[in-house]
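S.K.: Next comes model_16.cif, mmCIF, C-alpha atoms and all ligand atoms:
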data_model
#
loop_
_atom_site.label_atom_id
_atom_site.label_comp_id
_atom_site.auth_asym_id
_atom_site.auth_seq_id
_atom_site.Cartn_x
_atom_site.Cartn_y
_atom_site.Cartn_z
CA MET A 1 100.69 139.31 133.92
CA ASP A 2 97.39 140.01 132.23
CA PHE A 3 96.78 143.20 130.26
CA GLU A 4 94.79 144.99 132.98
CA THR A 5 97.53 144.34 135.56
CA ARG A 6 100.31 145.47 133.23
CA ALA A 7 98.37 148.68 132.52
CA ILE A 8 98.42 149.59 136.21
CA HIS A 9 101.83 148.24 137.25
CA ALA A 10 104.26 147.98 134.32
CA GLY A 11 107.00 150.62 134.67
CA GLN A 12 105.22 152.05 137.70
CA GLU A 13 106.98 150.83 140.85
CA PRO A 14 106.41 153.05 143.90
CA ASP A 15 108.78 156.04 143.86
CA PRO A 16 111.96 154.85 145.63
CA SER A 17 112.65 158.17 147.39
CA THR A 18 109.17 158.73 148.88
CA GLY A 19 107.05 155.61 148.38
CA ALA A 20 104.55 157.60 146.28
CA ILE A 21 102.36 154.98 144.63
CA VAL A 22 101.84 157.19 141.59
CA THR A 23 104.84 157.93 139.36
CA PRO A 24 105.67 161.60 140.00
CA ILE A 25 105.64 164.27 137.30
CA PHE A 26 109.38 164.89 137.12
CA GLN A 27 109.06 168.50 136.04
CA THR A 28 112.77 169.07 135.59
CA SER A 29 114.96 169.86 132.62
CA THR A 30 118.23 168.66 134.10
CA TYR A 31 119.75 166.36 136.77
CA VAL A 32 122.63 167.07 139.15
CA GLN A 33 125.71 164.91 138.55
CA GLU A 34 127.93 163.71 141.42
CA ALA A 35 130.98 164.12 139.18
CA VAL A 36 131.37 164.50 135.43
CA GLY A 37 129.46 161.60 133.88
CA VAL A 38 128.48 160.12 137.28
CA HIS A 39 124.68 160.29 137.60
CA LYS A 40 121.55 158.24 138.23
CA GLY A 41 120.81 157.52 134.56
CA TYR A 42 119.40 160.93 133.62
CA GLU A 43 121.31 163.95 132.28
CA TYR A 44 118.84 166.13 130.38
CA SER A 45 115.07 165.78 129.89
CA ARG A 46 115.07 165.76 126.07
CA THR A 47 117.23 162.64 126.29
CA GLY A 48 115.43 161.03 129.22
CA ASN A 49 112.92 161.83 131.94
CA PRO A 50 111.68 159.37 134.60
CA THR A 51 107.96 160.11 133.97
CA ARG A 52 108.53 159.42 130.28
CA THR A 53 110.48 156.26 131.11
CA ALA A 54 107.51 154.96 133.13
CA LEU A 55 105.15 155.67 130.23
CA GLN A 56 107.52 154.04 127.73
CA ARG A 57 107.79 150.88 129.83
CA CYS A 58 104.07 150.69 130.44
CA VAL A 59 102.84 151.11 126.85
CA ALA A 60 105.64 148.85 125.53
CA ALA A 61 104.41 146.17 127.97
CA LEU A 62 100.83 146.64 126.73
CA GLU A 63 101.93 146.13 123.10
CA GLY A 64 103.99 143.05 123.98
CA ALA A 65 107.10 145.05 122.97
CA GLU A 66 110.55 145.18 124.53
CA HIS A 67 110.99 148.85 123.63
CA GLY A 68 108.78 151.92 123.67
CA LEU A 69 109.41 155.55 122.74
CA ALA A 70 107.07 158.40 123.57
CA PHE A 71 106.74 161.45 121.32
CA SER A 72 105.05 164.84 121.50
CA SER A 73 102.30 163.81 119.04
CA GLY A 74 101.22 160.88 116.92
CA LEU A 75 102.60 162.59 113.85
CA ALA A 76 105.95 163.21 115.56
CA ALA A 77 106.07 159.45 116.21
CA SER A 78 105.23 158.73 112.54
CA ASP A 79 107.86 161.25 111.43
CA ALA A 80 110.52 159.48 113.52
CA ILE A 81 109.66 156.15 111.86
CA LEU A 82 109.83 157.64 108.35
CA ARG A 83 113.25 159.14 109.19
CA LEU A 84 114.56 155.56 109.40
CA LEU A 85 114.42 155.60 105.57
CA SER A 86 116.98 156.98 103.12
CA PRO A 87 116.12 159.23 100.15
CA GLY A 88 114.97 157.09 97.23
CA ASP A 89 113.25 154.55 99.48
CA HIS A 90 109.62 153.96 98.51
CA ILE A 91 106.74 154.03 101.01
CA VAL A 92 103.42 152.20 100.71
CA ILE A 93 100.54 153.76 102.64
CA PRO A 94 96.90 152.66 102.85
CA HIS A 95 94.59 154.09 100.17
CA ASP A 96 92.40 155.38 103.02
CA ALA A 97 95.15 156.41 105.46
CA TYR A 98 94.52 158.98 108.17
CA GLY A 99 94.73 162.38 106.43
CA GLY A 100 97.64 163.57 108.57
CA THR A 101 99.70 160.49 107.66
CA TYR A 102 98.98 161.14 104.00
CA ARG A 103 99.96 164.82 104.38
CA LEU A 104 103.22 163.90 106.14
CA VAL A 105 104.16 161.38 103.44
CA ALA A 106 102.89 163.34 100.40
CA ARG A 107 103.91 166.86 101.40
CA VAL A 108 106.95 166.44 103.62
CA PHE A 109 108.66 163.17 102.66
CA GLU A 110 107.85 162.88 98.95
CA PRO A 111 109.27 166.36 98.12
CA ALA A 112 112.41 165.35 100.07
CA GLY A 113 112.93 162.38 97.73
CA PHE A 114 110.82 159.59 99.23
CA PRO A 115 108.30 158.37 96.62
CA PHE A 116 105.10 156.74 97.87
CA ALA A 117 102.02 154.87 96.67
CA PRO A 118 98.57 154.72 98.28
CA VAL A 119 97.44 151.07 98.05
CA ASN A 120 94.33 149.11 99.00
CA LEU A 121 96.03 146.78 101.47
CA SER A 122 93.05 144.42 101.56
CA ASP A 123 94.20 143.36 98.09
CA LEU A 124 97.61 141.63 97.95
CA GLY A 125 97.44 141.86 94.12
CA ALA A 126 97.28 145.66 94.41
CA LEU A 127 100.23 145.60 96.80
CA GLU A 128 102.22 143.45 94.36
CA ALA A 129 101.37 145.83 91.49
CA ALA A 130 102.55 148.85 93.50
CA TRP A 131 105.72 147.12 94.75
CA ARG A 132 109.13 148.45 93.72
CA ASP A 133 112.62 147.20 94.49
CA GLU A 134 112.95 150.37 96.58
CA THR A 135 109.86 149.72 98.74
CA LYS A 136 111.14 149.81 102.31
CA ILE A 137 108.05 150.48 104.47
CA VAL A 138 104.48 149.23 104.33
CA TRP A 139 102.31 151.43 106.54
CA ILE A 140 99.17 149.67 107.74
CA GLU A 141 96.28 151.29 109.53
CA THR A 142 93.53 149.00 110.84
CA PRO A 143 90.76 149.90 111.44
CA THR A 144 91.30 152.94 109.22
CA ASN A 145 90.32 156.52 109.94
CA PRO A 146 87.56 157.36 108.97
CA LEU A 147 86.31 154.47 106.81
CA LEU A 148 86.95 151.71 109.38
CA SER A 149 88.29 149.29 106.80
CA ILE A 150 90.25 146.31 108.08
CA VAL A 151 93.61 145.06 106.87
CA ASP A 152 94.73 141.49 107.54
CA ILE A 153 98.07 142.23 109.24
CA GLU A 154 99.66 138.77 108.98
CA PRO A 155 99.62 138.16 105.19
CA VAL A 156 100.59 141.77 104.39
CA THR A 157 103.49 141.46 106.84
CA ARG A 158 104.62 138.15 105.31
CA PHE A 159 104.50 139.69 101.83
CA ALA A 160 106.55 142.73 102.93
CA HIS A 161 109.09 140.71 104.90
CA GLU A 162 109.71 138.34 101.98
CA ARG A 163 110.71 141.44 100.01
CA GLY A 164 112.80 143.03 102.74
CA ALA A 165 110.48 145.86 103.84
CA LEU A 166 109.47 146.91 107.34
CA VAL A 167 105.84 146.87 108.43
CA VAL A 168 104.38 149.64 110.57
CA VAL A 169 100.89 149.37 112.06
CA ASP A 170 99.05 152.47 113.24
CA ASN A 171 97.18 150.93 116.18
CA THR A 172 95.48 154.15 117.32
CA PHE A 173 91.91 153.01 116.65
CA ALA A 174 92.22 149.49 118.06
CA THR A 175 94.62 150.18 120.98
CA PRO A 176 96.79 147.37 122.38
CA TYR A 177 93.77 146.14 124.36
CA LEU A 178 91.93 145.13 121.18
CA GLN A 179 94.84 144.30 118.84
CA GLN A 180 98.55 143.58 119.18
CA PRO A 181 100.21 143.90 115.77
CA LEU A 182 103.71 142.90 116.96
CA SER A 183 102.35 139.44 117.81
CA LEU A 184 101.16 139.23 114.18
CA GLY A 185 104.66 139.96 112.87
CA ALA A 186 104.66 143.76 112.45
CA ASP A 187 107.99 145.49 113.13
CA LEU A 188 106.70 148.74 114.58
CA VAL A 189 103.48 149.93 116.16
CA VAL A 190 102.66 153.63 116.13
CA HIS A 191 100.02 155.44 118.20
CA SER A 192 98.45 158.77 118.56
CA THR A 193 98.22 158.55 122.37
CA THR A 194 96.06 161.67 122.07
CA LYS A 195 93.24 159.21 121.48
CA TYR A 196 92.26 156.10 123.49
CA LEU A 197 95.53 155.68 125.38
CA GLY A 198 95.22 159.18 126.88
CA GLY A 199 91.47 158.81 126.76
CA HIS A 200 90.34 162.12 128.31
CA SER A 201 90.79 164.81 125.60
CA ASP A 202 93.45 166.52 127.67
CA VAL A 203 96.77 165.65 126.03
CA VAL A 204 98.46 165.31 122.62
CA GLY A 205 101.04 162.54 122.33
CA GLY A 206 102.52 159.77 120.23
CA PHE A 207 104.23 156.44 120.74
CA VAL A 208 106.30 153.83 118.89
CA ALA A 209 106.67 150.26 120.17
CA THR A 210 108.94 147.52 118.81
CA LYS A 211 110.55 144.21 119.74
CA ASP A 212 113.60 145.03 117.59
CA GLY A 213 116.53 146.38 119.62
CA GLU A 214 118.32 147.89 116.65
CA LEU A 215 115.25 149.78 115.42
CA ALA A 216 114.62 150.95 119.00
CA GLN A 217 118.16 152.29 119.22
CA ARG A 218 117.84 154.19 115.96
CA LEU A 219 114.48 155.62 117.06
CA ALA A 220 115.87 156.63 120.47
CA PHE A 221 118.64 158.45 118.62
CA LEU A 222 116.01 160.28 116.53
CA GLN A 223 113.86 161.00 119.59
CA ASN A 224 116.81 162.78 121.18
CA ALA A 225 118.37 164.25 118.04
CA VAL A 226 115.13 165.70 116.63
CA GLY A 227 113.66 166.39 120.05
CA ALA A 228 109.90 165.87 119.55
CA VAL A 229 109.48 164.57 123.11
CA PRO A 230 106.44 164.85 125.40
CA ALA A 231 106.59 167.16 128.41
CA PRO A 232 106.61 165.34 131.78
CA LEU A 233 102.99 166.32 132.54
CA ASP A 234 101.88 165.04 129.13
CA ALA A 235 103.71 161.73 129.68
CA TRP A 236 102.01 161.48 133.09
CA LEU A 237 98.54 162.13 131.63
CA VAL A 238 98.95 159.35 129.06
CA LEU A 239 100.28 157.02 131.75
CA ARG A 240 97.24 157.74 133.91
CA GLY A 241 94.93 157.21 130.94
CA ALA A 242 96.52 153.87 130.11
CA LYS A 243 95.64 152.49 133.55
CA THR A 244 91.91 152.44 132.70
CA LEU A 245 92.26 151.55 129.02
CA ALA A 246 90.76 148.07 129.35
CA VAL A 247 87.60 149.11 131.19
CA ARG A 248 87.11 152.13 128.96
CA MET A 249 87.54 150.09 125.78
CA ASP A 250 85.00 147.52 126.94
CA ARG A 251 82.47 150.30 127.45
CA HIS A 252 83.39 152.09 124.18
CA CYS A 253 82.79 148.82 122.30
CA GLU A 254 79.49 148.13 124.08
CA ASN A 255 78.20 151.66 123.43
CA ALA A 256 79.31 151.53 119.78
CA ARG A 257 77.20 148.40 119.32
CA ALA A 258 74.15 150.23 120.73
CA VAL A 259 74.78 153.22 118.46
CA VAL A 260 75.17 150.97 115.39
CA ALA A 261 71.85 149.28 116.21
CA ALA A 262 70.16 152.69 116.40
CA LEU A 263 71.66 153.87 113.10
CA GLN A 264 71.28 150.71 111.10
CA ASP A 265 67.64 150.83 110.17
CA HIS A 266 67.22 154.57 110.32
CA PRO A 267 65.77 155.98 107.09
CA ALA A 268 68.19 158.95 107.10
CA VAL A 269 71.20 156.59 107.12
CA ALA A 270 72.29 155.00 103.83
CA ARG A 271 75.09 152.79 105.19
CA VAL A 272 76.85 152.15 108.49
CA LEU A 273 80.60 151.45 108.44
CA TYR A 274 81.52 149.35 111.48
CA PRO A 275 83.72 146.22 111.48
CA GLY A 276 81.38 144.52 113.97
CA LEU A 277 78.66 144.21 111.33
CA PRO A 278 78.65 140.79 109.61
CA GLU A 279 78.24 142.50 106.21
CA HIS A 280 81.42 144.61 106.73
CA PRO A 281 84.00 143.25 104.25
CA GLY A 282 86.63 143.00 107.00
CA HIS A 283 84.36 141.48 109.64
CA GLU A 284 85.86 137.98 109.68
CA ILE A 285 89.43 139.34 109.79
CA ALA A 286 88.50 141.77 112.58
CA LYS A 287 86.91 138.91 114.54
CA ARG A 288 90.15 136.96 114.30
CA GLN A 289 92.61 139.83 114.73
CA MET A 290 90.84 141.96 117.35
CA ARG A 291 89.35 141.27 120.77
CA ASP A 292 86.35 143.48 119.94
CA PHE A 293 85.40 145.97 117.25
CA GLY A 294 86.21 149.32 118.88
CA GLY A 295 84.36 152.51 119.63
CA MET A 296 84.46 154.26 116.24
CA VAL A 297 81.44 154.26 113.93
CA SER A 298 81.09 156.00 110.57
CA PHE A 299 78.01 156.29 108.36
CA ILE A 300 76.83 157.75 105.09
CA CYS A 301 73.84 160.07 105.23
CA ARG A 302 71.15 159.33 102.65
CA GLY A 303 70.61 163.07 102.14
CA GLY A 304 74.25 163.65 101.07
CA GLU A 305 76.55 166.42 102.26
CA ASP A 306 73.75 168.81 103.35
CA ALA A 307 72.23 166.14 105.57
CA ALA A 308 75.65 165.26 107.03
CA LEU A 309 76.42 168.92 107.80
CA GLY A 310 72.90 169.40 109.20
CA LEU A 311 73.23 166.35 111.43
CA VAL A 312 76.58 167.28 112.99
CA ALA A 313 75.05 170.63 113.95
CA LYS A 314 72.05 169.01 115.65
CA THR A 315 73.47 166.59 118.22
CA ARG A 316 73.56 167.78 121.81
CA LEU A 317 75.59 165.12 123.61
CA PHE A 318 77.83 164.18 120.68
CA ALA A 319 80.07 167.27 120.59
CA LEU A 320 81.13 168.61 117.21
CA ALA A 321 84.90 168.27 117.37
CA GLU A 322 87.97 166.72 115.78
CA SER A 323 89.88 163.96 117.58
CA LEU A 324 88.47 160.75 119.04
CA GLY A 325 88.95 158.06 121.64
CA ALA A 326 88.05 159.97 124.79
CA VAL A 327 85.33 159.46 127.38
CA GLU A 328 83.17 162.14 125.72
CA SER A 329 81.27 161.26 122.55
CA LEU A 330 82.26 163.29 119.50
CA ILE A 331 80.76 163.76 116.04
CA GLU A 332 82.48 165.20 112.99
CA HIS A 333 82.34 165.69 109.23
CA PRO A 334 85.61 164.16 107.92
CA ALA A 335 85.52 165.78 104.46
CA LYS A 336 85.50 169.30 105.95
CA MET A 337 87.31 168.59 109.24
CA THR A 338 89.82 165.82 110.01
CA HIS A 339 90.32 164.82 106.38
CA ALA A 340 90.27 168.26 104.75
CA SER A 341 93.99 167.70 104.09
CA VAL A 342 93.16 164.95 101.57
CA ALA A 343 90.54 166.97 99.65
CA GLY A 344 91.18 166.64 95.91
CA SER A 345 93.61 163.73 96.43
CA PRO A 346 92.89 160.04 95.71
CA LEU A 347 92.18 159.74 99.45
CA ALA A 348 89.32 162.30 99.47
CA VAL A 349 86.34 161.13 101.54
CA ASP A 350 82.62 161.11 100.71
CA PRO A 351 81.10 164.45 101.83
CA ALA A 352 78.03 162.51 103.07
CA LEU A 353 80.20 160.70 105.62
CA VAL A 354 79.83 161.34 109.35
CA ARG A 355 82.24 159.91 111.93
CA LEU A 356 81.35 159.18 115.54
CA SER A 357 83.72 158.58 118.41
CA VAL A 358 81.36 156.83 120.79
CA GLY A 359 82.20 157.74 124.37
CA ILE A 360 81.43 156.01 127.63
CA GLU A 361 78.30 157.94 128.62
CA SER A 362 74.96 156.12 128.98
CA ALA A 363 74.18 154.22 125.77
CA ARG A 364 70.53 155.22 126.10
CA ASP A 365 71.36 158.93 126.23
CA LEU A 366 73.69 158.58 123.25
CA THR A 367 71.18 156.75 121.05
CA GLU A 368 68.41 159.19 121.99
CA ASP A 369 70.66 162.10 121.03
CA LEU A 370 71.36 160.57 117.62
CA ARG A 371 67.69 159.81 117.02
CA GLN A 372 66.62 163.38 117.77
CA ALA A 373 69.36 164.76 115.51
CA LEU A 374 68.58 162.32 112.67
CA SER A 375 64.87 163.11 112.83
CA SER A 376 65.63 166.70 111.83
CA VAL A 377 67.64 165.85 108.68
CA ARG A 378 65.40 163.25 107.07
C1 LIG A 401 94.91 156.97 113.07
C2 LIG A 401 95.69 158.18 113.46
N1 LIG A 401 97.02 158.16 113.40
C3 LIG A 401 97.78 159.23 113.73
C4 LIG A 401 97.19 160.41 114.13
C5 LIG A 401 98.05 161.60 114.45
O1 LIG A 401 98.14 161.81 115.81
P1 LIG A 401 98.33 163.23 116.52
O2 LIG A 401 97.11 164.04 116.21
O3 LIG A 401 98.47 162.88 117.96
O4 LIG A 401 99.57 163.83 115.94
C6 LIG A 401 95.80 160.48 114.23
C7 LIG A 401 95.14 161.73 114.66
O5 LIG A 401 93.95 161.90 114.49
C8 LIG A 401 95.03 159.34 113.88
O6 LIG A 401 93.69 159.35 113.94
#
Rewrite the structure of this file - the entire thing - as structure tokens.
M.R.:
Amino acid sequence: MDFETRAIHAGQEPDPSTGAIVTPIFQTSTYVQEAVGVHKGYEYSRTGNPTRTALQRCVAALEGAEHGLAFSSGLAASDAILRLLSPGDHIVIPHDAYGGTYRLVARVFEPAGFPFAPVNLSDLGALEAAWRDETKIVWIETPTNPLLSIVDIEPVTRFAHERGALVVVDNTFATPYLQQPLSLGADLVVHSTTKYLGGHSDVVGGFVATKDGELAQRLAFLQNAVGAVPAPLDAWLVLRGAKTLAVRMDRHCENARAVVAALQDHPAVARVLYPGLPEHPGHEIAKRQMRDFGGMVSFICRGGEDAALGLVAKTRLFALAESLGAVESLIEHPAKMTHASVAGSPLAVDPALVRLSVGIESARDLTEDLRQALSSVR
């Protein structure tokens, strides 16, 4: 079945007891057993819950995976993956990784005995230079948050696999509609479902998808043993969001193109970072690896940090807020907001940078809002 059909039907058969077409929110912690150990497949909701099962089947189907595991946040999903390692194992992360991924690796895992290296994954030479015998995970993010750089998943995966390491791709920005890393050889895909998969700024969640049965089993063990599972309502909200992912992404991409056109020649804008631009260093890879270029746009203000901070205070439709990937357009200042956790580290971002999550409102209203805000910071 095609993507759009899987999004609406995978894991979502009508409820057998009532015929309800929508998977119910199974708001229950436990399940009555007919006799000790005789039950319908569910014992306790940390271990398994039917609403979560539906979500896991659906998003796994969207990623072309056999197995999916839902978590209470994107970082809880990332944490579960990193717990597959043993102390002494070395982790490679992108040199412009999402700040929360960096914080998890640098401040939780490294002190516990897991060394790491931030590497520019567009450069296989840099990856080779950073490689150690102990390197066990290469963590790819593409496009990256907030710089929107692109990593060529296939060659990095080949390189890592030849040396016995696993490859994880954070697919939050692209979503499975635009990019399917497992088909390019990656072992694990991780998501913050808080973003495009949920799509409506009303839930925090995470997800891991894989084709590998053994990895899935180890992750299911961790999901239950550590317990960072989504509540039934949260699983239901992500499942509902996923149904409209394709149509929303098409509109996000279309609106992002309109926003880029409005920013590109504006005198207050020094540089637009968007993989859809032919001059973007990852443009050709993105064209090959993605269906479209996504709804995230970043840019550098010519007037530096003051202009960036002035601009984010002036938009009316673009709301000043962290997060991304929902129907509403958002604007933010990464250096002081989402990426404050990397301040002073090698991953620190330019204080003149502004990040937009372009929503699905009218493109004309969005571009007019940006123009009026930009005119005040020139
Ligand atoms: C690319 C990326 N990965 C992971 C995360 C973490 O997800 P969550 O906030 O759901 O824990 C985020 C959150 O912004 C993100 O942007």
S.K.: Between A:Val208, A:Val167, A:Ile93, A:Val203, which one has atoms that come closest to Ala231 (chain A), using all atoms listed in the file?
M.R.: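 Nearest to Ala231 (chain A): A:Val203.
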S.K.: Please, what distance in Å, to one decimal, runs between CA of Leu84 (chain A) and CA of Asp212 (chain A)?
M.R.: 13.4 Å
S.K.: List every residue of chain A that has an atom at most 9 Å from any atom of ligand LIG 401 (chain A), and for each one report the closest atom pair and its distance in Å to one decimal, counting all atoms listed in the file, with rows sorted by chain and then by increasing residue number, as CSV.
M.R.:
residue,atom,partner,partner_atom,distance
A:Ser72,CA,A:LIG401,O3,7.7
A:Ser73,CA,A:LIG401,O3,4.1
A:Gly74,CA,A:LIG401,O1,3.4
A:Leu75,CA,A:LIG401,O4,3.9
A:Ala76,CA,A:LIG401,O4,6.4
A:Ala77,CA,A:LIG401,O4,7.8
A:Ser78,CA,A:LIG401,C3,7.6
A:Ala97,CA,A:LIG401,C1,7.6
A:Tyr98,CA,A:LIG401,C1,5.3
A:Gly99,CA,A:LIG401,C8,8.1
A:Gly100,CA,A:LIG401,C5,6.2
A:Thr101,CA,A:LIG401,C3,6.5
A:Glu141,CA,A:LIG401,C1,6.8
A:Thr142,CA,A:LIG401,C1,8.4
A:Pro143,CA,A:LIG401,C1,8.4
A:Thr144,CA,A:LIG401,C1,6.6
A:Asn145,CA,A:LIG401,C1,5.6
A:Pro146,CA,A:LIG401,O6,8.1
A:Asp170,CA,A:LIG401,N1,6.0
A:Asn171,CA,A:LIG401,C1,7.2
A:Thr172,CA,A:LIG401,C1,5.1
A:Phe173,CA,A:LIG401,C1,6.1
A:Val190,CA,A:LIG401,N1,7.7
A:His191,CA,A:LIG401,C3,6.3
A:Ser192,CA,A:LIG401,O1,4.1
A:Thr193,CA,A:LIG401,O3,6.2
A:Thr194,CA,A:LIG401,O3,4.9
A:Lys195,CA,A:LIG401,O3,7.3
A:Val203,CA,A:LIG401,O3,8.7
A:Val204,CA,A:LIG401,O3,5.3
A:Gly205,CA,A:LIG401,O3,5.1
A:Gly206,CA,A:LIG401,O3,5.6
A:Glu322,CA,A:LIG401,O5,7.8
A:Ser323,CA,A:LIG401,O5,5.5
A:Leu324,CA,A:LIG401,O5,7.2
A:Thr338,CA,A:LIG401,O5,7.2
S.K.: Just checking: using only C-alpha atoms, which residue out of A:Tyr42, A:Gly125, A:Tyr102, A:Pro176 ends up closest to Ala61 (chain A)?
M.R.: A:Pro176
S.K.: When distances are computed from all atoms listed in the file, which of A:Met337, A:Ala352, A:Phe3, A:Phe293 shows the smallest separation from Ala307 (chain A)?
M.R.: A:Ala352
S.K.: Taking only C-alpha atoms into account, name the residue in A:Pro230, A:Phe159, A:Pro278, A:Ser329 that is nearest to Thr47 (chain A).
M.R.: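 Comparing A:Pro230, A:Phe159, A:Pro278, A:Ser329 against Thr47 (chain A), the winner is A:Pro230.
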S.K.: Suppose you want the space between CA of Ala174 (chain A) and CA of Pro346 (chain A); what is it in Å?
M.R.: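 Going from CA of Ala174 (chain A) over to CA of Pro346 (chain A) covers 24.7 Å.
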S.K.: Name the residues, using the chain letters and numbers of the file, that sit within 12 Å of (82.3, 171.2, 120.6) when counting all atoms listed in the file, and give them as a CSV table (one decimal) with C-alpha atoms, keeping the file's coordinate frame.
M.R.:
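Saved file part_16.csv follows:
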chain,number,residue,atom,x,y,z
A,201,SER,CA,90.8,164.8,125.6
A,312,VAL,CA,76.6,167.3,113.0
A,313,ALA,CA,75.0,170.6,114.0
A,314,LYS,CA,72.0,169.0,115.6
A,315,THR,CA,73.5,166.6,118.2
A,316,ARG,CA,73.6,167.8,121.8
A,317,LEU,CA,75.6,165.1,123.6
A,318,PHE,CA,77.8,164.2,120.7
A,319,ALA,CA,80.1,167.3,120.6
A,320,LEU,CA,81.1,168.6,117.2
A,321,ALA,CA,84.9,168.3,117.4
A,322,GLU,CA,88.0,166.7,115.8
A,323,SER,CA,89.9,164.0,117.6
A,328,GLU,CA,83.2,162.1,125.7
A,329,SER,CA,81.3,161.3,122.6
A,330,LEU,CA,82.3,163.3,119.5
A,331,ILE,CA,80.8,163.8,116.0
A,332,GLU,CA,82.5,165.2,113.0
S.K.: Out of A:Thr18, A:Thr28, A:Gln223, A:Ser357, which residue has the shortest atom-to-atom distance to Ala256 (chain A) when counting all atoms listed in the file?
M.R.: A:Ser357
S.K.: Which residue out of A:Glu34, A:Glu128, A:Glu284, A:Asp202 has the minimum interatomic distance to Arg240 (chain A) when only C-alpha atoms are used?
M.R.: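 Using only C-alpha atoms, the shortest distance to Arg240 (chain A) belongs to A:Asp202.
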S.K.: Which residues are close to Leu222 (chain A), i.e. within 12 Å by all atoms listed in the file, leaving aside same-chain residues fewer than 4 positions away? Reply as a list in words.
M.R.: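 The residues satisfying every condition are Arg46, Thr47, Leu69, Ala70, Phe71, Ala76, Ala77, Ser78, Asp79, Ala80, Ile81, Leu82, Arg83, Leu84, Val208, Leu215, Ala216, Gln217, Arg218, Val226, Gly227, Ala228 and Val229 of chain A.
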